[in-house]
file model_36.cif (mmCIF, C-alpha atoms and all ligand atoms)
data_data
#
loop_
_atom_site.label_atom_id
_atom_site.label_comp_id
_atom_site.auth_asym_id
_atom_site.auth_seq_id
_atom_site.Cartn_x
_atom_site.Cartn_y
_atom_site.Cartn_z
CA MET I 1 -48.33 139.19 -6.76
CA SER I 2 -51.42 138.62 -4.70
CA ALA I 3 -51.87 140.00 -1.19
CA ALA I 4 -51.93 137.68 1.78
CA PRO I 5 -55.42 136.31 2.26
CA HIS I 6 -57.47 138.47 4.58
CA GLN I 7 -57.79 136.75 7.95
CA VAL I 8 -61.42 136.18 8.83
CA PRO I 9 -61.67 135.25 12.53
CA GLU I 10 -63.35 131.90 13.11
CA PRO I 11 -66.75 132.34 14.80
CA ALA I 12 -66.10 131.49 18.44
CA GLY I 13 -67.65 128.22 19.57
CA CYS I 14 -68.40 126.76 22.99
CA SER I 15 -65.08 126.20 24.78
CA VAL I 16 -66.30 122.78 25.94
CA CYS I 17 -68.21 121.19 23.02
CA GLY I 18 -67.42 123.57 20.16
CA ALA I 19 -71.09 124.27 19.34
CA PRO I 20 -71.69 127.70 17.79
CA LEU I 21 -72.61 130.39 20.33
CA ASP I 22 -75.58 132.71 19.88
CA ALA I 23 -73.95 135.66 21.58
CA PRO I 24 -70.22 135.02 21.27
CA HIS I 25 -69.07 137.66 23.73
CA ALA I 26 -71.48 136.93 26.55
CA SER I 27 -70.06 133.56 27.59
CA ASP I 28 -67.49 131.06 26.36
CA ARG I 29 -69.82 128.12 26.77
CA CYS I 30 -73.20 127.08 25.38
CA PRO I 31 -76.26 126.84 27.66
CA ALA I 32 -76.12 123.02 27.76
CA CYS I 33 -72.45 122.95 28.81
CA TYR I 34 -73.10 125.71 31.33
CA GLU I 35 -75.89 123.69 32.92
CA ARG I 36 -73.83 120.48 32.85
CA GLY I 37 -70.90 122.28 34.49
CA LEU I 38 -73.08 123.63 37.30
CA ARG I 39 -74.77 120.27 37.88
CA GLN I 40 -71.31 118.75 38.39
CA LEU I 41 -70.80 121.21 41.26
CA ASP I 42 -74.19 120.74 42.94
CA ALA I 43 -73.31 117.95 45.40
CA ASP I 44 -70.07 119.59 46.63
CA PHE I 45 -71.72 122.99 46.73
CA LEU I 46 -74.51 121.68 48.98
CA ASP I 47 -72.14 119.72 51.19
CA ASN I 48 -69.87 122.73 51.78
CA TYR I 49 -72.79 125.05 52.34
CA ALA I 50 -74.31 122.75 54.97
CA ARG I 51 -71.01 122.38 56.82
CA PHE I 52 -69.97 126.04 56.78
CA GLY I 53 -71.96 128.85 55.13
CA ALA I 54 -75.38 127.80 56.40
CA ARG I 55 -74.20 128.41 59.98
CA SER I 56 -73.34 132.09 59.54
CA ARG I 57 -76.71 133.55 60.65
CA GLN I 58 -76.74 131.40 63.77
CA VAL I 59 -73.16 132.29 64.76
CA VAL I 60 -73.73 136.06 64.31
CA ALA I 61 -77.09 136.02 66.15
CA GLU I 62 -75.66 134.12 69.11
CA ALA I 63 -72.68 136.50 69.31
CA CYS I 64 -75.11 139.46 69.34
CA LEU I 65 -77.20 137.85 72.07
CA ARG I 66 -74.08 137.33 74.22
CA SER I 67 -72.85 140.93 73.71
CA LEU I 68 -76.32 142.23 74.43
CA VAL I 69 -76.17 141.05 78.01
CA LEU I 70 -73.15 143.31 78.63
CA GLY I 71 -74.18 146.33 76.54
CA ASP I 72 -75.79 149.61 77.62
CA VAL I 73 -79.40 150.42 76.72
CA SER I 74 -78.69 151.89 73.25
CA ASP I 75 -76.23 149.20 72.27
CA ARG I 76 -78.68 146.53 73.37
CA LYS I 77 -81.31 147.91 71.01
CA LEU I 78 -78.91 147.99 68.07
CA LEU I 79 -77.77 144.45 68.76
CA ALA I 80 -81.39 143.35 69.03
CA ILE I 81 -82.06 144.69 65.54
CA ALA I 82 -79.00 142.86 64.22
CA ILE I 83 -80.60 139.66 65.56
CA TYR I 84 -83.83 140.37 63.67
CA GLU I 85 -81.76 140.92 60.53
CA GLN I 86 -80.12 137.53 60.99
CA PHE I 87 -83.59 136.01 61.26
CA THR I 88 -84.66 137.59 57.97
CA GLY I 89 -81.40 136.47 56.38
CA ALA I 90 -81.72 132.90 57.66
CA ALA I 91 -85.35 132.68 56.52
CA THR I 92 -84.52 134.09 53.07
CA GLU I 93 -81.63 131.67 52.60
CA PHE I 94 -83.72 128.74 53.76
CA LEU I 95 -86.44 129.68 51.25
CA GLY I 96 -83.79 129.88 48.52
CA LEU I 97 -82.70 126.33 49.32
CA TYR I 98 -86.29 125.10 49.52
CA HIS I 99 -87.19 126.46 46.09
CA ALA I 100 -83.86 125.31 44.58
CA LEU I 101 -84.43 121.71 45.75
CA ARG I 102 -88.04 121.75 44.65
CA GLU I 103 -87.09 123.01 41.20
CA ARG I 104 -83.99 120.79 40.92
CA ARG I 105 -85.19 119.32 37.60
CA ASP I 106 -85.58 122.76 35.99
CA ARG I 107 -82.15 124.16 36.86
CA PRO I 108 -78.96 123.23 38.72
CA ILE I 109 -79.31 123.56 42.50
CA VAL I 110 -76.34 125.94 42.78
CA GLN I 111 -78.08 128.21 40.27
CA GLY I 112 -81.36 128.01 42.22
CA VAL I 113 -79.66 128.92 45.50
CA LEU I 114 -77.32 131.66 44.30
CA GLY I 115 -79.83 133.12 41.85
CA PHE I 116 -82.68 133.20 44.35
CA SER I 117 -84.46 136.48 44.71
CA LEU I 118 -87.18 136.87 47.27
CA ASP I 119 -90.57 138.16 46.23
CA THR I 120 -93.83 138.30 48.11
CA ALA I 121 -95.24 135.23 46.33
CA ARG I 122 -92.21 133.11 47.19
CA ALA I 123 -92.22 134.37 50.77
CA VAL I 124 -95.72 133.02 51.39
CA ALA I 125 -95.49 129.96 49.08
CA PHE I 126 -93.35 127.97 51.51
CA PHE I 127 -95.69 128.46 54.47
CA GLU I 128 -98.71 127.68 52.29
CA ASP I 129 -97.06 124.51 50.91
CA LEU I 130 -96.19 123.43 54.44
CA GLU I 131 -99.72 123.99 55.69
CA SER I 132 -101.51 122.40 52.72
CA GLN I 133 -99.15 119.42 52.19
CA GLY I 134 -97.88 118.77 55.70
CA PRO I 135 -94.23 118.06 56.62
CA THR I 136 -94.01 114.51 55.15
CA ASP I 137 -95.30 115.42 51.69
CA LEU I 138 -93.12 118.50 51.75
CA LEU I 139 -90.09 116.22 52.27
CA HIS I 140 -91.25 114.10 49.30
CA SER I 141 -91.45 117.19 47.09
CA LEU I 142 -87.77 117.83 47.89
CA GLY I 143 -86.87 114.28 46.84
CA LEU I 144 -86.65 113.01 50.43
CA PRO I 145 -88.41 110.02 52.03
CA HIS I 146 -90.05 109.72 55.44
CA PRO I 147 -87.44 108.57 58.01
CA ASP I 148 -89.28 105.23 58.43
CA GLN I 149 -88.73 104.45 54.73
CA ILE I 150 -84.93 104.58 55.06
CA ALA I 151 -84.58 100.96 56.20
CA SER I 152 -86.26 99.57 53.07
CA LEU I 153 -84.63 102.02 50.66
CA LYS I 154 -82.41 100.72 47.85
CA SER I 155 -79.13 102.54 48.36
CA ASP I 156 -75.40 102.07 48.90
CA LEU I 157 -75.50 103.47 52.43
CA ASP I 158 -74.17 101.24 55.21
CA ALA I 159 -76.01 100.72 58.50
CA ARG I 160 -74.33 103.66 60.25
CA GLU I 161 -75.05 106.07 57.37
CA ARG I 162 -78.67 104.94 57.20
CA LYS I 163 -79.02 105.69 60.89
CA GLN I 164 -77.53 109.19 60.42
CA VAL I 165 -79.85 109.96 57.50
CA ARG I 166 -82.85 108.66 59.45
CA GLU I 167 -81.95 110.93 62.39
CA ALA I 168 -81.48 113.94 60.09
CA LEU I 169 -84.91 113.34 58.52
CA ARG I 170 -86.55 112.89 61.93
CA GLU I 171 -85.10 116.18 63.11
CA ALA I 172 -86.16 117.85 59.87
CA LEU I 173 -89.77 116.65 60.32
CA ALA I 174 -89.85 117.98 63.89
CA ASP I 175 -88.37 121.31 62.76
CA LEU I 176 -90.91 121.64 59.94
CA GLU I 177 -93.61 121.30 62.60
CA ARG I 178 -91.85 124.03 64.61
CA VAL I 179 -91.50 126.32 61.60
CA GLN I 180 -95.29 126.37 61.31
CA SER I 181 -95.40 128.22 64.62
CA TYR I 182 -93.09 130.92 63.17
CA ARG I 183 -95.40 131.55 60.25
CA GLU I 184 -96.59 134.93 61.49
CA ILE I 185 -93.20 136.45 62.36
CA GLY I 186 -91.56 134.64 59.42
CA GLU I 187 -94.02 135.89 56.82
CA ARG I 188 -93.96 139.42 58.20
CA ALA I 189 -90.15 139.54 58.12
CA LEU I 190 -89.97 137.98 54.67
CA ILE I 191 -92.66 140.11 53.08
CA GLY I 192 -90.91 143.20 54.47
CA ALA I 193 -87.63 141.96 52.99
CA ALA I 194 -89.31 141.14 49.66
CA ARG I 195 -90.71 144.65 49.39
CA GLY I 196 -87.23 146.05 49.89
CA LEU I 197 -88.11 147.53 53.25
CA GLY I 198 -85.24 145.62 54.81
CA SER I 199 -82.63 147.07 52.49
CA THR I 200 -82.11 150.67 53.56
CA LYS I 201 -83.53 151.59 56.88
CA ALA I 202 -82.65 153.73 59.83
CA LEU I 203 -83.16 152.79 63.44
CA THR I 204 -84.39 155.12 66.09
CA GLU I 205 -85.19 154.88 69.79
CA ARG I 206 -87.18 158.15 69.83
CA THR I 207 -90.33 158.59 67.82
CA GLU I 208 -92.04 161.70 69.24
CA TRP I 209 -90.54 163.82 66.40
CA LEU I 210 -92.15 161.48 63.91
CA VAL I 211 -95.45 160.19 65.24
CA GLY I 212 -96.05 162.54 68.16
CA ARG I 213 -95.60 160.00 70.92
CA GLN I 214 -92.71 158.27 72.60
CA ILE I 215 -91.94 154.65 71.92
CA GLU I 216 -92.02 152.08 74.72
CA GLN I 217 -88.73 151.64 76.57
CA SER I 218 -88.21 148.06 75.39
CA ARG I 219 -88.87 148.79 71.72
CA VAL I 220 -86.98 150.24 68.83
CA ALA I 221 -88.36 151.62 65.58
CA ALA I 222 -87.04 150.89 62.11
CA LEU I 223 -87.77 153.54 59.48
CA ALA I 224 -88.03 152.71 55.81
CA LEU I 225 -89.27 154.64 52.84
CA ASN I 226 -92.02 152.98 50.87
CA ALA I 227 -91.83 154.75 47.54
CA GLU I 228 -94.84 152.83 46.20
CA SER I 229 -97.25 154.13 48.82
CA ARG I 230 -95.30 157.39 49.39
CA HIS I 231 -95.07 156.67 53.10
CA LEU I 232 -92.35 156.68 55.68
CA GLU I 233 -93.03 153.34 57.32
CA VAL I 234 -92.28 152.71 60.95
CA ALA I 235 -91.87 149.14 62.20
CA TYR I 236 -91.70 148.61 65.94
CA LEU I 237 -89.61 145.75 67.22
CA SER I 238 -89.40 144.40 70.73
CA THR I 239 -85.94 144.19 72.24
CA ASP I 240 -86.78 142.32 75.40
CA GLU I 241 -84.72 139.24 75.97
CA HIS I 242 -87.63 136.83 75.92
CA ALA I 243 -88.69 138.00 72.46
CA LEU I 244 -85.12 137.85 71.21
CA GLU I 245 -84.57 134.34 72.52
CA GLY I 246 -87.60 133.35 70.44
CA VAL I 247 -86.03 134.95 67.37
CA VAL I 248 -82.69 133.20 67.95
CA ASP I 249 -84.61 129.96 68.42
CA GLY I 250 -86.22 130.55 65.02
CA ILE I 251 -82.77 131.03 63.47
CA ASP I 252 -81.58 127.78 65.09
CA VAL I 253 -84.56 125.90 63.67
CA MET I 254 -83.98 127.16 60.12
CA THR I 255 -80.24 126.55 60.28
CA ARG I 256 -80.69 122.99 61.55
CA LEU I 257 -83.40 122.35 58.98
CA THR I 258 -81.16 123.59 56.14
CA ARG I 259 -78.27 121.40 57.27
CA ASN I 260 -80.35 118.27 57.84
CA LEU I 261 -82.21 118.57 54.53
CA ILE I 262 -78.93 118.97 52.66
CA PHE I 263 -77.25 116.12 54.53
CA ALA I 264 -80.14 113.75 53.72
CA PHE I 265 -80.40 114.95 50.11
CA VAL I 266 -76.68 114.56 49.37
CA SER I 267 -76.57 111.16 51.11
CA LEU I 268 -79.56 109.77 49.21
CA HIS I 269 -78.68 110.97 45.70
CA GLY I 270 -75.80 109.50 43.74
CA PRO I 271 -73.53 111.22 41.20
CA ALA I 272 -75.66 109.94 38.29
CA GLN I 273 -78.80 111.60 39.67
CA PHE I 274 -77.00 114.91 40.18
CA ARG I 275 -75.56 114.64 36.65
CA ASP I 276 -78.91 113.79 35.01
CA GLY I 277 -80.70 116.59 36.83
CA PHE I 278 -82.92 114.14 38.82
CA ARG I 279 -84.99 113.45 35.70
CA PHE I 280 -85.13 109.71 36.27
CA GLU I 281 -86.05 109.92 39.93
CA PRO I 282 -89.45 108.43 40.81
CA ALA I 283 -91.84 111.34 41.36
ZN ZN H 301 -71.11 123.43 24.77
#
call {"tool": "encode", "arguments": {"input": "model_36.cif", "output": "structure tokens", "more": "lines below"}}
Ligand SMILES: [Zn+2]
result
Amino acid sequence: MSAAPHQVPEPAGCSVCGAPLDAPHASDRCPACYERGLRQLDADFLDNYARFGARSRQVVAEACLRSLVLGDVSDRKLLAIAIYEQFTGAATEFLGLYHALRERRDRPIVQGVLGFSLDTARAVAFFEDLESQGPTDLLHSLGLPHPDQIASLKSDLDARERKQVREALREALADLERVQSYREIGERALIGAARGLGSTKALTERTEWLVGRQIEQSRVAALALNAESRHLEVAYLSTDEHALEGVVDGIDVMTRLTRNLIFAFVSLHGPAQFRDGFRFEPA
């Protein structure tokens, strides 16, 4: 009497198309099905992000600015720093969207946005692109036309939708011009964040123990350890209301820009373009 045949487990295949998997335990789907699945989410992901998540930095910064008016001197300084952090966050998230849209043919947009990690090169690339190409060509590189081209564009949009997209693109062009004036503060904040200086830092309103002299009344110092250069770095930030209003204004500009770019992008690209990864889009 022969023993029951020994059960050899079937090699696991992709749960969607059944193709054999290279590393069976890492994922239940093959790279092609993974990409296709993410591309199916891109339009809804962008739409939801523009309506809700993209506003978070602006809402927090404005709440801090309101509380700041009522706070005592120490609290005001801490709230001021929270506003700077929102600026860095808004700028980082905007850069993530910018690079994700620009590289939309290489990878799904949701992957570009959620997988974005800031480095020094990417922090300066946006400002350099903006300066060398100008706002209109920058829009083109994101798959977006100049607002004046909307009227003659072949698309399913009705007259009201065309008007909304044209307005969004007009605002985006104006905001790209404005962003150029934030280059200095933007690059400084982003390069700091890229070098990890933004991650763990301590705030102080007294610096005589550290640098031998007292800090100005309206400033606060952020301490961060730079392991590379073996230095304790001290960044001084102004907490006067005029400076902070400028920072909040910068957050507003980036938030509006993010939302307008997404609105125009989602309105002007159909399901087939999202599905095909924008490969057949005129360059
Ligand atoms: Zn598959």
call {"tool": "residues_near_ligand", "arguments": {"input": "model_36.cif", "ligand": "ligand ZN 301 (chain H)", "cutoff": "6 Å", "atoms": "all atoms listed in the file", "output": "list in words"}}
result
Cys14, Val16, Cys17, Gly18, Ala19, Arg29, Cys30, Ala32 and Cys33 of chain I
call {"tool": "residues_around", "arguments": {"input": "model_36.cif", "residues": "segment 210-215 of chain I", "least_positions_apart": "3", "cutoff": "12 Å", "atoms": "all atoms listed in the file", "output": "list in words"}}
result
Thr204, Glu205, Arg206, Thr207, Ser218, Arg219, Val220, Ala221, Ala222, Leu223, Leu232, Glu233, Val234, Ala235, Tyr236, Leu237 and Ser238 of chain I
call {"tool": "closest_atom_pairs", "arguments": {"input": "model_36.cif", "of": "segment 109-183 of chain I", "to": "segment 256-268 of chain I", "cutoff": "9 Å", "atoms": "all atoms listed in the file", "output": "JSON lines"}}
result
{"residue": "I:Leu139", "atom": "CA", "partner": "I:Leu261", "partner_atom": "CA", "distance": 8.5}
{"residue": "I:Leu142", "atom": "CA", "partner": "I:Phe265", "partner_atom": "CA", "distance": 8.2}
{"residue": "I:Gly143", "atom": "CA", "partner": "I:Phe265", "partner_atom": "CA", "distance": 7.3}
{"residue": "I:Leu144", "atom": "CA", "partner": "I:Phe265", "partner_atom": "CA", "distance": 6.6}
{"residue": "I:Ser155", "atom": "CA", "partner": "I:Leu268", "partner_atom": "CA", "distance": 7.3}
{"residue": "I:Asp156", "atom": "CA", "partner": "I:Leu268", "partner_atom": "CA", "distance": 8.8}
{"residue": "I:Leu157", "atom": "CA", "partner": "I:Ser267", "partner_atom": "CA", "distance": 7.9}
{"residue": "I:Glu161", "atom": "CA", "partner": "I:Ser267", "partner_atom": "CA", "distance": 8.2}
{"residue": "I:Arg162", "atom": "CA", "partner": "I:Ser267", "partner_atom": "CA", "distance": 9.0}
{"residue": "I:Gln164", "atom": "CA", "partner": "I:Ala264", "partner_atom": "CA", "distance": 8.5}
{"residue": "I:Val165", "atom": "CA", "partner": "I:Ala264", "partner_atom": "CA", "distance": 5.4}
{"residue": "I:Arg166", "atom": "CA", "partner": "I:Ala264", "partner_atom": "CA", "distance": 8.1}
{"residue": "I:Glu167", "atom": "CA", "partner": "I:Asn260", "partner_atom": "CA", "distance": 8.8}
{"residue": "I:Ala168", "atom": "CA", "partner": "I:Asn260", "partner_atom": "CA", "distance": 5.0}
{"residue": "I:Leu169", "atom": "CA", "partner": "I:Asn260", "partner_atom": "CA", "distance": 6.7}
{"residue": "I:Glu171", "atom": "CA", "partner": "I:Asn260", "partner_atom": "CA", "distance": 7.4}
{"residue": "I:Ala172", "atom": "CA", "partner": "I:Leu257", "partner_atom": "CA", "distance": 5.4}
{"residue": "I:Leu173", "atom": "CA", "partner": "I:Leu257", "partner_atom": "CA", "distance": 8.7}
{"residue": "I:Asp175", "atom": "CA", "partner": "I:Leu257", "partner_atom": "CA", "distance": 6.3}
{"residue": "I:Leu176", "atom": "CA", "partner": "I:Leu257", "partner_atom": "CA", "distance": 7.6}
call {"tool": "residues_around", "arguments": {"input": "model_36.cif", "residues": "segment 120-132 of chain I", "least_positions_apart": "2", "cutoff": "9 Å", "atoms": "only C-alpha atoms", "output": "list in words"}}
result
Thr92, Leu95, Tyr98, His99, Ser117, Leu118, Gly134, Pro135, Asp137, Leu138, Leu176, Glu177, Val179, Gln180, Arg183, Gly186, Glu187, Leu190, Ile191, Gly192, Ala193, Ala194 and Arg195 of chain I
call {"tool": "closest_residue", "arguments": {"input": "model_36.cif", "among": "I:Asp72, I:Asp276, I:Asp22, I:Glu281", "to": "Gly37 of chain I", "atoms": "all atoms listed in the file"}}
result
I:Asp276
call {"tool": "residues_around", "arguments": {"input": "model_36.cif", "residues": "Ala243 of chain I", "least_positions_apart": "4", "cutoff": "12 Å", "atoms": "only C-alpha atoms", "output": "PyMOL selection string"}}
result
chain I and resi 65+80-81+83-84+185+218-219+237-239+247-250
call {"tool": "write_last_selection", "arguments": {"input": "model_36.cif", "atoms": "C-alpha atoms", "output": "mmCIF file, in the frame of the given file"}}
result
data_model
loop_
_atom_site.group_PDB
_atom_site.id
_atom_site.type_symbol
_atom_site.label_atom_id
_atom_site.label_comp_id
_atom_site.auth_asym_id
_atom_site.auth_seq_id
_atom_site.Cartn_x
_atom_site.Cartn_y
_atom_site.Cartn_z
ATOM 1 C CA LEU I 65 -77.200 137.850 72.070
ATOM 2 C CA ALA I 80 -81.390 143.350 69.030
ATOM 3 C CA ILE I 81 -82.060 144.690 65.540
ATOM 4 C CA ILE I 83 -80.600 139.660 65.560
ATOM 5 C CA TYR I 84 -83.830 140.370 63.670
ATOM 6 C CA ILE I 185 -93.200 136.450 62.360
ATOM 7 C CA SER I 218 -88.210 148.060 75.390
ATOM 8 C CA ARG I 219 -88.870 148.790 71.720
ATOM 9 C CA LEU I 237 -89.610 145.750 67.220
ATOM 10 C CA SER I 238 -89.400 144.400 70.730
ATOM 11 C CA THR I 239 -85.940 144.190 72.240
ATOM 12 C CA VAL I 247 -86.030 134.950 67.370
ATOM 13 C CA VAL I 248 -82.690 133.200 67.950
ATOM 14 C CA ASP I 249 -84.610 129.960 68.420
ATOM 15 C CA GLY I 250 -86.220 130.550 65.020
#
call {"tool": "closest_residue", "arguments": {"input": "model_36.cif", "among": "I:Gln111, I:Gln149, I:Ser141, I:Gln58", "to": "Leu46 of chain I", "atoms": "only C-alpha atoms"}}
result
I:Gln111
call {"tool": "atom_distance", "arguments": {"input": "model_36.cif", "atom1": "atom CA of Glu85 of chain I", "atom2": "atom CA of Val60 of chain I"}}
result
10.1 Å
call {"tool": "atom_distance", "arguments": {"input": "model_36.cif", "atom1": "atom CA of Glu93 of chain I", "atom2": "atom CA of Asp47 of chain I"}}
result
15.3 Å
